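Trainee: Structure: run_14.tsv, TSV, C-alpha atoms.
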chain	number	residue	atom	x	y	z
W	1	MET	CA	34.49	75.06	30.19
W	2	THR	CA	33.75	74.40	26.50
W	3	ASP	CA	35.05	71.41	24.54
W	4	ARG	CA	37.22	73.79	22.51
W	5	GLU	CA	38.83	75.12	25.69
W	6	LYS	CA	39.37	71.58	26.93
W	7	SER	CA	40.96	70.62	23.60
W	8	THR	CA	43.64	73.27	24.10
W	9	SER	CA	44.34	72.43	27.75
W	10	PHE	CA	46.82	69.60	27.16
W	11	GLY	CA	49.90	71.82	27.10
W	12	GLN	CA	49.50	72.20	30.87
W	13	ALA	CA	50.27	68.47	31.16
W	14	ALA	CA	52.58	67.91	28.19
W	15	SER	CA	55.13	65.91	30.20
W	16	ALA	CA	52.43	63.63	31.65
W	17	TYR	CA	50.88	63.23	28.20
W	18	GLU	CA	54.19	62.09	26.72
W	19	SER	CA	54.82	59.66	29.59
W	20	GLY	CA	51.34	58.26	30.06
W	21	ARG	CA	49.83	58.05	26.59
W	22	PRO	CA	50.61	55.09	24.33
W	23	GLY	CA	52.02	55.25	20.83
W	24	TYR	CA	50.27	53.71	17.83
W	25	PRO	CA	50.72	50.26	16.25
W	26	SER	CA	52.84	50.60	13.11
W	27	GLY	CA	50.44	48.35	11.19
W	28	ALA	CA	47.54	50.64	11.93
W	29	VAL	CA	49.46	53.74	10.86
W	30	ALA	CA	50.63	52.00	7.68
W	31	TRP	CA	47.01	51.07	6.90
W	32	LEU	CA	45.99	54.74	7.12
W	33	LEU	CA	48.60	55.64	4.50
W	34	ASP	CA	48.47	52.57	2.24
W	35	PRO	CA	46.14	54.09	-0.41
W	36	VAL	CA	48.64	56.83	-1.26
W	37	ARG	CA	51.94	55.00	-0.82
W	38	GLU	CA	54.06	54.62	-3.95
W	39	PRO	CA	57.40	52.79	-4.25
W	40	GLY	CA	60.37	55.13	-4.19
W	41	ARG	CA	58.47	58.27	-3.19
W	42	ALA	CA	58.26	59.76	0.29
W	43	LEU	CA	54.76	60.74	1.32
W	44	ARG	CA	53.94	64.31	2.32
W	45	VAL	CA	51.90	64.11	5.51
W	46	ALA	CA	50.53	66.57	8.07
W	47	ASP	CA	49.86	65.32	11.59
W	48	VAL	CA	47.12	67.64	12.85
W	49	GLY	CA	46.41	67.83	16.56
W	50	ALA	CA	49.89	66.35	16.85
W	51	GLY	CA	50.33	66.85	20.59
W	52	THR	CA	53.72	65.64	21.79
W	53	GLY	CA	54.31	63.71	18.57
W	54	LYS	CA	53.12	60.18	19.35
W	55	LEU	CA	51.61	59.73	15.89
W	56	THR	CA	54.16	62.02	14.24
W	57	ARG	CA	56.98	59.62	15.13
W	58	ALA	CA	55.10	56.61	13.82
W	59	VAL	CA	54.57	58.34	10.47
W	60	VAL	CA	58.21	59.44	10.28
W	61	GLU	CA	59.28	55.83	10.91
W	62	LEU	CA	57.37	54.83	7.78
W	63	GLY	CA	59.59	57.14	5.72
W	64	ALA	CA	57.19	60.04	5.24
W	65	ASP	CA	58.02	63.74	5.20
W	66	VAL	CA	55.91	65.13	8.04
W	67	VAL	CA	54.79	68.51	9.33
W	68	ALA	CA	53.08	68.77	12.72
W	69	VAL	CA	50.19	71.11	13.51
W	70	ASP	CA	48.65	71.70	16.95
W	71	PRO	CA	46.72	74.57	18.55
W	72	ASP	CA	48.88	74.43	21.71
W	73	ALA	CA	52.39	75.88	21.49
W	74	ASP	CA	53.43	74.04	24.67
W	75	MET	CA	52.57	70.68	23.10
W	76	LEU	CA	54.55	71.61	19.99
W	77	ALA	CA	57.55	72.51	22.15
W	78	SER	CA	57.44	68.98	23.58
W	79	LEU	CA	57.04	67.54	20.08
W	80	ARG	CA	60.17	69.31	18.88
W	81	GLU	CA	62.12	67.51	21.63
W	82	ASN	CA	60.60	64.13	20.79
W	83	ALA	CA	60.57	64.34	16.98
W	84	ARG	CA	63.57	66.45	16.11
W	85	GLY	CA	63.62	68.00	12.66
W	86	VAL	CA	59.85	67.88	12.10
W	87	PRO	CA	58.52	71.35	11.16
W	88	THR	CA	55.79	72.56	13.51
W	89	PHE	CA	52.96	75.05	13.06
W	90	VAL	CA	50.28	76.40	15.38
W	91	GLY	CA	46.90	75.70	13.87
W	92	MET	CA	43.86	73.44	13.92
W	93	ALA	CA	41.91	71.22	11.55
W	94	GLU	CA	39.45	74.02	10.73
W	95	ASP	CA	42.21	76.52	9.92
W	96	LEU	CA	45.44	74.96	8.65
W	97	PRO	CA	48.52	77.11	7.94
W	98	LEU	CA	49.31	74.95	4.88
W	99	PRO	CA	49.03	75.46	1.11
W	100	ASP	CA	46.37	74.03	-1.16
W	101	SER	CA	46.71	70.48	-2.51
W	102	GLY	CA	50.21	69.97	-1.10
W	103	LEU	CA	49.79	66.77	0.90
W	104	ASP	CA	49.24	63.09	0.29
W	105	ALA	CA	47.68	62.57	3.73
W	106	VAL	CA	46.38	64.36	6.79
W	107	VAL	CA	46.40	62.20	9.92
W	108	MET	CA	44.91	62.93	13.33
W	109	GLY	CA	45.53	60.88	16.48
W	110	GLN	CA	43.10	61.22	19.43
W	111	ALA	CA	41.94	64.50	17.90
W	112	TRP	CA	39.02	64.37	15.45
W	113	HIS	CA	36.47	64.20	18.28
W	114	TRP	CA	37.45	67.79	19.15
W	115	VAL	CA	36.78	69.27	15.68
W	116	ASP	CA	33.83	70.98	14.06
W	117	VAL	CA	33.22	68.30	11.44
W	118	GLU	CA	31.98	70.30	8.45
W	119	PRO	CA	34.69	73.03	8.37
W	120	ALA	CA	37.39	70.53	9.38
W	121	SER	CA	36.41	68.24	6.52
W	122	LEU	CA	36.54	71.10	4.01
W	123	GLU	CA	39.84	72.45	5.33
W	124	THR	CA	41.67	69.12	5.50
W	125	ALA	CA	40.46	68.35	1.97
W	126	ARG	CA	41.79	71.74	0.80
W	127	VAL	CA	45.37	70.84	1.71
W	128	LEU	CA	45.17	67.32	0.22
W	129	ARG	CA	45.92	66.47	-3.38
W	130	SER	CA	43.27	64.72	-5.42
W	131	GLY	CA	42.98	61.18	-4.09
W	132	GLY	CA	44.71	62.08	-0.81
W	133	VAL	CA	43.80	60.43	2.48
W	134	LEU	CA	42.33	61.70	5.72
W	135	GLY	CA	43.39	59.22	8.42
W	136	LEU	CA	41.85	59.24	11.91
W	137	ILE	CA	43.09	57.02	14.73
W	138	TRP	CA	42.31	56.45	18.40
W	139	ASN	CA	43.73	54.21	21.12
W	140	ILE	CA	40.95	53.05	23.46
W	141	ARG	CA	41.64	50.98	26.57
W	142	ASP	CA	40.19	47.47	26.27
W	143	ASP	CA	37.49	47.36	28.96
W	144	ARG	CA	36.87	43.65	28.42
W	145	VAL	CA	39.62	43.19	31.04
W	146	ASP	CA	38.17	43.55	34.55
W	147	TRP	CA	40.75	45.85	36.16
W	148	VAL	CA	40.81	48.05	33.05
W	149	ARG	CA	37.03	48.38	33.16
W	150	ARG	CA	37.27	49.45	36.80
W	151	LEU	CA	40.05	51.92	35.90
W	152	THR	CA	37.81	53.51	33.27
W	153	ALA	CA	34.97	53.74	35.79
W	154	ALA	CA	37.32	55.49	38.23
W	155	MET	CA	38.60	57.94	35.61
W	156	GLY	CA	35.29	58.55	33.85
W	157	GLY	CA	34.69	58.09	30.13
W	158	SER	CA	36.48	60.51	27.81
W	159	ASN	CA	34.93	62.24	24.78
W	160	ALA	CA	36.80	59.84	22.51
W	161	GLU	CA	35.68	56.75	24.41
W	162	VAL	CA	32.05	57.86	24.30
W	163	LEU	CA	32.30	58.60	20.55
W	164	LEU	CA	33.86	55.24	19.69
W	165	ALA	CA	31.34	53.36	21.85
W	166	THR	CA	28.32	55.09	20.27
W	167	THR	CA	28.06	56.69	16.83
W	168	GLY	CA	31.70	56.53	15.78
W	169	PRO	CA	33.41	59.41	13.97
W	170	ARG	CA	31.76	61.29	11.14
W	171	VAL	CA	33.24	63.18	8.20
W	172	ALA	CA	31.48	65.56	5.82
W	173	GLU	CA	31.85	66.67	2.20
W	174	PRO	CA	33.88	66.25	0.15
W	175	TYR	CA	34.74	62.92	1.80
W	176	GLY	CA	32.69	59.79	1.33
W	177	GLU	CA	32.31	56.86	3.69
W	178	LEU	CA	34.98	56.10	6.29
W	179	GLU	CA	36.73	52.74	6.18
W	180	HIS	CA	37.41	51.24	9.62
W	181	ARG	CA	39.80	48.65	11.02
W	182	GLU	CA	40.79	47.64	14.56
W	183	TRP	CA	44.02	46.38	16.18
W	184	SER	CA	44.21	44.76	19.63
W	185	TRP	CA	47.52	45.07	21.48
W	186	ALA	CA	48.97	45.90	24.90
W	187	ARG	CA	51.47	48.34	26.36
W	188	ARG	CA	53.45	47.56	29.49
W	189	ILE	CA	52.98	50.40	31.93
W	190	THR	CA	54.40	51.26	35.37
W	191	LEU	CA	52.54	52.98	38.19
W	192	PRO	CA	54.12	56.41	37.48
W	193	GLN	CA	53.12	56.06	33.82
W	194	LEU	CA	49.60	55.07	34.82
W	195	ARG	CA	49.32	58.12	37.04
W	196	ASP	CA	50.55	60.26	34.14
W	197	LEU	CA	47.93	58.66	31.89
W	198	VAL	CA	45.23	59.67	34.35
W	199	VAL	CA	46.35	63.28	34.80
W	200	SER	CA	46.92	63.81	31.05
W	201	ARG	CA	43.17	63.73	30.34
W	202	SER	CA	41.44	67.03	29.61
W	203	ASP	CA	38.63	66.43	32.11
W	204	ILE	CA	41.20	66.03	34.88
W	205	ILE	CA	43.51	68.83	33.72
W	206	THR	CA	40.57	71.21	33.90
W	207	ALA	CA	38.91	69.72	37.04
W	208	SER	CA	38.64	71.44	40.40
W	209	PRO	CA	41.16	70.31	43.03
W	210	GLU	CA	38.39	68.48	44.88
W	211	LYS	CA	37.19	66.58	41.82
W	212	ARG	CA	40.74	65.71	40.80
W	213	ALA	CA	41.52	64.38	44.28
W	214	GLY	CA	38.41	62.19	44.16
W	215	ILE	CA	39.38	60.72	40.79
W	216	GLU	CA	42.94	60.05	41.91
W	217	ALA	CA	41.67	58.32	45.08
W	218	ALA	CA	39.37	56.11	43.00
W	219	VAL	CA	42.27	55.21	40.70
W	220	ASP	CA	44.40	54.36	43.75
W	221	GLY	CA	41.72	51.89	44.78
W	222	VAL	CA	42.00	50.13	41.43
W	223	VAL	CA	45.80	50.14	41.56
W	224	ALA	CA	45.73	48.44	44.95
W	225	SER	CA	43.98	45.47	43.33
W	226	VAL	CA	46.67	44.99	40.66
W	227	PRO	CA	49.64	43.31	42.38
W	228	GLU	CA	52.14	44.04	39.60
W	229	LEU	CA	51.55	47.79	39.96
W	230	ALA	CA	51.21	47.82	43.73
W	231	ASP	CA	54.58	46.03	44.03
W	232	GLY	CA	56.42	48.54	41.85
W	233	GLY	CA	56.46	46.49	38.66
W	234	SER	CA	54.62	46.90	35.37
W	235	VAL	CA	51.45	45.49	33.90
W	236	ALA	CA	50.14	44.99	30.37
W	237	LEU	CA	47.50	47.64	29.68
W	238	PRO	CA	45.41	46.37	26.74
W	239	TYR	CA	44.19	48.66	23.99
W	240	VAL	CA	42.03	48.51	20.91
W	241	THR	CA	43.25	50.89	18.21
W	242	HIS	CA	40.52	52.15	15.90
W	243	ALA	CA	41.71	53.48	12.54
W	244	PHE	CA	39.51	55.21	9.96
W	245	ARG	CA	40.35	56.58	6.52
W	246	ALA	CA	38.59	58.49	3.76
W	247	ARG	CA	39.75	59.68	0.35
W	248	ARG	CA	39.58	63.16	-1.11
W	249	PRO	CA	37.79	62.86	-4.48
Reformat the file's structure so that it appears as structure tokens.
Mentor:
Amino acid sequence: MTDREKSTSFGQAASAYESGRPGYPSGAVAWLLDPVREPGRALRVADVGAGTGKLTRAVVELGADVVAVDPDADMLASLRENARGVPTFVGMAEDLPLPDSGLDAVVMGQAWHWVDVEPASLETARVLRSGGVLGLIWNIRDDRVDWVRRLTAAMGGSNAEVLLATTGPRVAEPYGELEHREWSWARRITLPQLRDLVVSRSDIITASPEKRAGIEAAVDGVVASVPELADGGSVALPYVTHAFRARRP
């Protein structure tokens, strides 16, 4: 299965994605948008690769007018339940159903690692006004914590985790250099939410039944070593949020 096919597989697990995936720190989202924020004016923002609306909601909470774009209609159906009133469109970063120069910002959460960088850079810049912002953000589990490191080993590294641990994201013309900041934080998570986190990943959604069973058994072994989860409680799952931004000339 190609990366493009994997990138459009999430609708099969939209409920698990909404339950298991974390939101985004408001400070990190605000930082993405700070260069184009003006007192008394609502920003015009597109959340591309919006999924179930995790990032969409964070942008709405900052007072922006938001449209959501995703290639998967099932994910957008979930988003409409979670972020009522936000207009939704089927599309992708390389082919946006949006007019020229109409936006202050394009943001993408857990999504840029799926794109074809050159056409996605040109297309997102097309819909931005002069000086607009492309904001890219990822939540990555903090593997400096022992049980989290073992959880990642059981699940296998995702495309995003490999990208952030190696080269980092890349943008192309007309954008210049990416600025980067990090936020460390934690989300309390129950065992059902942890299981949803595991099964919301594209490699597991698209895995054979045998491979999926093996991954889930390995995760169960990690869970058994975390008393708070094994006893039906919750545990703090630490994250590092990586935020990147670039300006349209």
Trainee: Do you know which residues are at most 6 Å from range 108-117 of chain W counting all atoms listed in the file, after dropping those on the same chain fewer than 4 positions away, and could you put them as a list in words?
Mentor: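 Result of the neighbour search: Asp47, Val48, Gly49, Ser121, Leu136, Ile137 and Trp138 of chain W.
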Trainee: Can you tell me, as number ranges by chain, what residues are no more than 7 Å from Val127 in chain W when counting all atoms listed in the file, ignoring any on the same chain fewer than 3 positions away?
Mentor: W: 98-103, 123-124
Trainee: Restrict the selected residues to C-alpha atoms and save them as a PDB file, keeping the file's coordinate frame.
Mentor:
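That gives us selection_26.pdb:
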ATOM      1  CA  LEU W  98      49.310  74.950   4.880  1.00  0.00           C
ATOM      2  CA  PRO W  99      49.030  75.460   1.110  1.00  0.00           C
ATOM      3  CA  ASP W 100      46.370  74.030  -1.160  1.00  0.00           C
ATOM      4  CA  SER W 101      46.710  70.480  -2.510  1.00  0.00           C
ATOM      5  CA  GLY W 102      50.210  69.970  -1.100  1.00  0.00           C
ATOM      6  CA  LEU W 103      49.790  66.770   0.900  1.00  0.00           C
ATOM      7  CA  GLU W 123      39.840  72.450   5.330  1.00  0.00           C
ATOM      8  CA  THR W 124      41.670  69.120   5.500  1.00  0.00           C
TER       9      THR W 124
END
Trainee: Counting all atoms listed in the file, which residue out of W:Leu62, W:Leu76, W:Leu43, W:Ile215 sits closest to Arg129 in chain W?
Mentor: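 Smallest separation from Arg129 in chain W among the options: W:Leu43.
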Trainee: Neighbouring residues of Val171 in chain W were defined as those with any atom within 9 Å, considering all atoms listed in the file; residues of the same chain fewer than 3 positions away were excluded. Please report them as JSON, numbers by chain.
Mentor: {"W": [117, 118, 120, 121, 174, 175, 176, 177, 178, 246]}
Trainee: Please determine, counting only C-alpha atoms, which residue among W:Trp31, W:Arg84, W:Ser78, W:Gly156 has the shortest atom-to-atom distance to Arg57 in chain W.
Mentor: W:Arg84
Trainee: At what distance in Å, to one decimal, does CA of Gly63 in chain W lie from CA of Gly40 in chain W?
Mentor: 10.1 Å
Trainee: Using all atoms listed in the file, find the one residue out of W:Leu33, W:Val66, W:Ala154, W:Ile204 that sits nearest to Val222 in chain W.
Mentor: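 The answer is W:Ala154, which sits nearest to Val222 in chain W.
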Trainee: Here is a test: counting all atoms listed in the file, which residue of W:Arg170, W:Arg247, W:Arg150, W:Arg187 is nearest to Gly135 in chain W?
Mentor: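 Of W:Arg170, W:Arg247, W:Arg150, W:Arg187, the one nearest Gly135 in chain W is W:Arg247, counting all atoms listed in the file.
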Trainee: Could you pull range 129-218 of chain W out of the structure just shown and give C-alpha atoms as a PDB file, in the first residue's frame?
Mentor:
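Contents of out_12.pdb, as written:
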ATOM      1  CA  ARG W 129      -2.474  36.395   0.916  1.00  0.00           C
ATOM      2  CA  SER W 130       0.887  38.093   0.675  1.00  0.00           C
ATOM      3  CA  GLY W 131       2.616  37.638   4.027  1.00  0.00           C
ATOM      4  CA  GLY W 132       0.319  34.767   5.026  1.00  0.00           C
ATOM      5  CA  VAL W 133       1.504  31.866   7.156  1.00  0.00           C
ATOM      6  CA  LEU W 134       1.870  28.151   6.542  1.00  0.00           C
ATOM      7  CA  GLY W 135       1.759  26.483   9.974  1.00  0.00           C
ATOM      8  CA  LEU W 136       2.724  22.833  10.487  1.00  0.00           C
ATOM      9  CA  ILE W 137       2.331  21.039  13.812  1.00  0.00           C
ATOM     10  CA  TRP W 138       2.876  17.542  15.194  1.00  0.00           C
ATOM     11  CA  ASN W 139       2.340  15.883  18.564  1.00  0.00           C
ATOM     12  CA  ILE W 140       5.069  13.301  19.212  1.00  0.00           C
ATOM     13  CA  ARG W 141       5.061  11.057  22.282  1.00  0.00           C
ATOM     14  CA  ASP W 142       7.974  11.844  24.605  1.00  0.00           C
ATOM     15  CA  ASP W 143      10.107   8.694  24.505  1.00  0.00           C
ATOM     16  CA  ARG W 144      12.407   9.961  27.244  1.00  0.00           C
ATOM     17  CA  VAL W 145       9.902   8.286  29.604  1.00  0.00           C
ATOM     18  CA  ASP W 146      10.628   4.547  29.866  1.00  0.00           C
ATOM     19  CA  TRP W 147       7.122   3.109  29.464  1.00  0.00           C
ATOM     20  CA  VAL W 148       6.408   5.494  26.582  1.00  0.00           C
ATOM     21  CA  ARG W 149       9.585   4.389  24.825  1.00  0.00           C
ATOM     22  CA  ARG W 150       8.482   0.769  25.202  1.00  0.00           C
ATOM     23  CA  LEU W 151       5.005   1.687  23.906  1.00  0.00           C
ATOM     24  CA  THR W 152       6.547   3.220  20.787  1.00  0.00           C
ATOM     25  CA  ALA W 153       8.673   0.101  20.274  1.00  0.00           C
ATOM     26  CA  ALA W 154       5.531  -2.044  20.519  1.00  0.00           C
ATOM     27  CA  MET W 155       3.578   0.129  18.078  1.00  0.00           C
ATOM     28  CA  GLY W 156       6.414   0.820  15.654  1.00  0.00           C
ATOM     29  CA  GLY W 157       7.562   4.274  14.584  1.00  0.00           C
ATOM     30  CA  SER W 158       5.137   6.291  12.466  1.00  0.00           C
ATOM     31  CA  ASN W 159       6.047   8.332   9.378  1.00  0.00           C
ATOM     32  CA  ALA W 160       5.742  11.510  11.431  1.00  0.00           C
ATOM     33  CA  GLU W 161       7.929  10.207  14.247  1.00  0.00           C
ATOM     34  CA  VAL W 162      10.644   9.159  11.814  1.00  0.00           C
ATOM     35  CA  LEU W 163      10.501  12.548  10.048  1.00  0.00           C
ATOM     36  CA  LEU W 164      10.751  14.568  13.261  1.00  0.00           C
ATOM     37  CA  ALA W 165      13.594  12.390  14.570  1.00  0.00           C
ATOM     38  CA  THR W 166      15.642  12.709  11.364  1.00  0.00           C
ATOM     39  CA  THR W 167      15.524  15.477   8.764  1.00  0.00           C
ATOM     40  CA  GLY W 168      12.496  17.391  10.012  1.00  0.00           C
ATOM     41  CA  PRO W 169       9.873  18.795   7.639  1.00  0.00           C
ATOM     42  CA  ARG W 170      10.790  20.586   4.437  1.00  0.00           C
ATOM     43  CA  VAL W 171       8.948  23.239   2.450  1.00  0.00           C
ATOM     44  CA  ALA W 172       9.676  24.457  -1.070  1.00  0.00           C
ATOM     45  CA  GLU W 173       9.248  27.673  -3.058  1.00  0.00           C
ATOM     46  CA  PRO W 174       7.876  30.195  -2.560  1.00  0.00           C
ATOM     47  CA  TYR W 175       8.445  29.677   1.174  1.00  0.00           C
ATOM     48  CA  GLY W 176      11.738  30.383   2.881  1.00  0.00           C
ATOM     49  CA  GLU W 177      13.149  28.795   6.007  1.00  0.00           C
ATOM     50  CA  LEU W 178      10.851  27.197   8.578  1.00  0.00           C
ATOM     51  CA  GLU W 179      10.848  28.553  12.114  1.00  0.00           C
ATOM     52  CA  HIS W 180      10.551  25.866  14.804  1.00  0.00           C
ATOM     53  CA  ARG W 181       9.464  25.770  18.436  1.00  0.00           C
ATOM     54  CA  GLU W 182       8.651  22.934  20.856  1.00  0.00           C
ATOM     55  CA  TRP W 183       6.204  22.519  23.759  1.00  0.00           C
ATOM     56  CA  SER W 184       6.386  19.721  26.354  1.00  0.00           C
ATOM     57  CA  TRP W 185       3.123  18.723  28.017  1.00  0.00           C
ATOM     58  CA  ALA W 186       1.085  15.663  29.016  1.00  0.00           C
ATOM     59  CA  ARG W 187      -2.399  14.302  28.406  1.00  0.00           C
ATOM     60  CA  ARG W 188      -4.143  12.042  30.890  1.00  0.00           C
ATOM     61  CA  ILE W 189      -5.288   8.935  29.074  1.00  0.00           C
ATOM     62  CA  THR W 190      -7.314   5.852  30.040  1.00  0.00           C
ATOM     63  CA  LEU W 191      -6.765   2.329  28.751  1.00  0.00           C
ATOM     64  CA  PRO W 192      -9.642   2.533  26.215  1.00  0.00           C
ATOM     65  CA  GLN W 193      -8.203   5.812  24.912  1.00  0.00           C
ATOM     66  CA  LEU W 194      -4.747   4.259  24.672  1.00  0.00           C
ATOM     67  CA  ARG W 195      -6.137   1.357  22.682  1.00  0.00           C
ATOM     68  CA  ASP W 196      -7.878   3.850  20.389  1.00  0.00           C
ATOM     69  CA  LEU W 197      -4.592   5.712  19.974  1.00  0.00           C
ATOM     70  CA  VAL W 198      -2.933   2.499  18.837  1.00  0.00           C
ATOM     71  CA  VAL W 199      -5.618   1.466  16.341  1.00  0.00           C
ATOM     72  CA  SER W 200      -5.948   4.988  14.888  1.00  0.00           C
ATOM     73  CA  ARG W 201      -2.526   4.765  13.222  1.00  0.00           C
ATOM     74  CA  SER W 202      -2.418   4.212   9.464  1.00  0.00           C
ATOM     75  CA  ASP W 203       0.067   1.327   9.678  1.00  0.00           C
ATOM     76  CA  ILE W 204      -2.327  -0.542  11.960  1.00  0.00           C
ATOM     77  CA  ILE W 205      -5.514   0.425  10.106  1.00  0.00           C
ATOM     78  CA  THR W 206      -4.025  -1.056   6.947  1.00  0.00           C
ATOM     79  CA  ALA W 207      -2.227  -4.032   8.595  1.00  0.00           C
ATOM     80  CA  SER W 208      -3.142  -7.673   8.115  1.00  0.00           C
ATOM     81  CA  PRO W 209      -5.151  -9.252  10.955  1.00  0.00           C
ATOM     82  CA  GLU W 210      -2.068 -11.213  12.021  1.00  0.00           C
ATOM     83  CA  LYS W 211       0.199  -8.166  12.159  1.00  0.00           C
ATOM     84  CA  ARG W 212      -2.437  -6.135  13.988  1.00  0.00           C
ATOM     85  CA  ALA W 213      -2.902  -8.881  16.585  1.00  0.00           C
ATOM     86  CA  GLY W 214       0.854  -8.986  17.168  1.00  0.00           C
ATOM     87  CA  ILE W 215       1.042  -5.231  17.713  1.00  0.00           C
ATOM     88  CA  GLU W 216      -1.922  -5.242  20.082  1.00  0.00           C
ATOM     89  CA  ALA W 217      -0.362  -8.103  22.091  1.00  0.00           C
ATOM     90  CA  ALA W 218       2.911  -6.173  22.379  1.00  0.00           C
TER      91      ALA W 218
END
